[in-house]
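Read through the structure below, which is laid out as structure tokens, and then see the notes.
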Amino acid sequence: MTPTDQSAIMEVAALASGRRSLLKTGMAAGLVTVVSFFNRSTSAAPVQKTGKAGDIDLMNVALALEHQAIAAYDLGATSGLLKGDALALAVHFQNQHKAHRDLLNDTIKKFGGVANQPLAKYEFADAAKIKTAEDVLVFALGLEAGATSAYLSTLTKFATKELIPVVGGIACDEAQHAAALRMALKQQPAPDAIVK
Ligand SMILES: [Fe+2]
């Protein structure tokens with residue numbers, strides 16, 4: 001992993017840390033931040049790679065988000081706050097993020113790239129302030145809605161067109177997670193006709 005890769009992953013982790021507090025002030029702000037990160041990583045880098053090399057970079061940023069999501073669900077599942085159906089839902093979603101991770105890992109390797117590894121430790125800002133099951137669900141909702149938007153923002157950037165339905169499929173799954181979490185929070189599960 002290059003210093004640039006490490007820096008990108010650290011930045012994703014930092015964004016994840018701040019996402020819950022962003023949710024407190026408005027979901028949209030958090031989503032914009034995540035999408036901006038993707039755009040910055042892929043279009044404003046000093047040397048933008050093209051072709052398969054660019055695809056590998058995109059997938060590695062997505063992989064960093066999946067590593068972070070898996071760690072976040074560990075936090076939620078081990079908090080002791082989730083019980084019954086809510087806990088089962090969280091475990092199911094985490095398993096699907098692991099499937100996304102495995103798919104990205106395999107594809108990066110198939111493309112001749114080196115898949116980024118998870119950080120040794122993830123720090124989530126304000127994690128100590130999560131006091132209720134609802135807090136955990138709101139935290140997860142921010143993560144899932146942000147991931148959906150982040151994936152959507154990458155779709156036109158892939159040089160390998162066959163990757164678009166794969167990445168789009170992951171985005172759809174993240175959106176399903178967000179809808180289910182909204183239902184668990186007794187919110188409108190599908191607030192927007194067009195997800196951005
Ligand atoms: Fe995922």
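Quick note on naming: the chains in the structure tokens go A, B, ... in the order shown, residues restart at 1 in each chain, and ligands are numbered from 1 in order of appearance.
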Could the residues of chain A that have an atom at most 7 Å from ligand 1 be listed as a Markdown table, each with its closest atom pair and the distance in Å to one decimal, counting only C-alpha atoms and all ligand atoms and ordered by chain and ascending residue number?
```
| residue | atom | partner | partner_atom_place_in_ligand_line | distance |
| --- | --- | --- | --- | --- |
| A:Glu66 | CA | ligand 1 | 1 (Fe) | 5.1 |
| A:Ala69 | CA | ligand 1 | 1 (Fe) | 6.9 |
| A:Gln96 | CA | ligand 1 | 1 (Fe) | 6.4 |
| A:His97 | CA | ligand 1 | 1 (Fe) | 3.8 |
| A:His100 | CA | ligand 1 | 1 (Fe) | 5.3 |
| A:Ile170 | CA | ligand 1 | 1 (Fe) | 6.4 |
| A:Glu174 | CA | ligand 1 | 1 (Fe) | 5.9 |
```
Practice prompt. Can you pull out every residue within 10 Å of A:Ala147, counting only C-alpha atoms, but drop anything in the same chain fewer than 5 positions away, and send it as a ChimeraX atom specification?
Written response: /A:31,34-35,62,65-66,69,141-142,152-153,170-171,173-175,178
Item to complete: Identify, on the basis of only C-alpha atoms, every residue whose closest approach to A:Leu103 does not exceed 12 Å; exclude the query and any residue fewer than 2 positions from it along the same chain; express the result as a PyMOL selection string.
Response: chain A and resi 59-60+62-63+66+96-101+105-110+115+163+166-167+169-170
Requested write-out: C-alpha atoms of the selected residues, as a CSV table (one decimal), in the first residue's frame:
```csv
chain,number,residue,atom,x,y,z
A,59,MET,CA,-12.6,-0.1,-6.3
A,60,ASN,CA,-10.0,0.4,-3.6
A,62,ALA,CA,-15.0,1.5,-2.3
A,63,LEU,CA,-13.2,-1.3,-0.5
A,66,GLU,CA,-16.8,-1.5,3.0
A,96,GLN,CA,-23.7,-8.4,2.9
A,97,HIS,CA,-21.0,-5.7,3.4
A,98,LYS,CA,-18.5,-8.6,3.8
A,99,ALA,CA,-19.8,-10.0,0.5
A,100,HIS,CA,-19.2,-6.6,-1.1
A,101,ARG,CA,-15.7,-6.6,0.3
A,105,ASN,CA,-11.1,-7.8,-3.3
A,106,ASP,CA,-11.5,-10.5,-6.0
A,107,THR,CA,-12.1,-8.1,-8.8
A,108,ILE,CA,-9.1,-5.9,-7.8
A,109,LYS,CA,-6.9,-8.9,-7.8
A,110,LYS,CA,-8.3,-10.1,-11.1
A,115,ALA,CA,-6.5,-4.7,-2.6
A,163,LEU,CA,-18.2,-3.2,-13.8
A,166,VAL,CA,-21.7,-4.8,-10.5
A,167,VAL,CA,-21.1,-1.5,-8.6
A,169,GLY,CA,-25.8,-3.7,-7.8
A,170,ILE,CA,-23.8,-3.0,-4.6
```
Practice prompt. Identify which of the residues A:Ala53, A:Ala140, A:Leu58, A:Ala64 lies closest to A:Ala90, counting only C-alpha atoms when measuring atom-to-atom distances.
Written response: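 Closest to A:Ala90, using only C-alpha atoms: A:Ala140.
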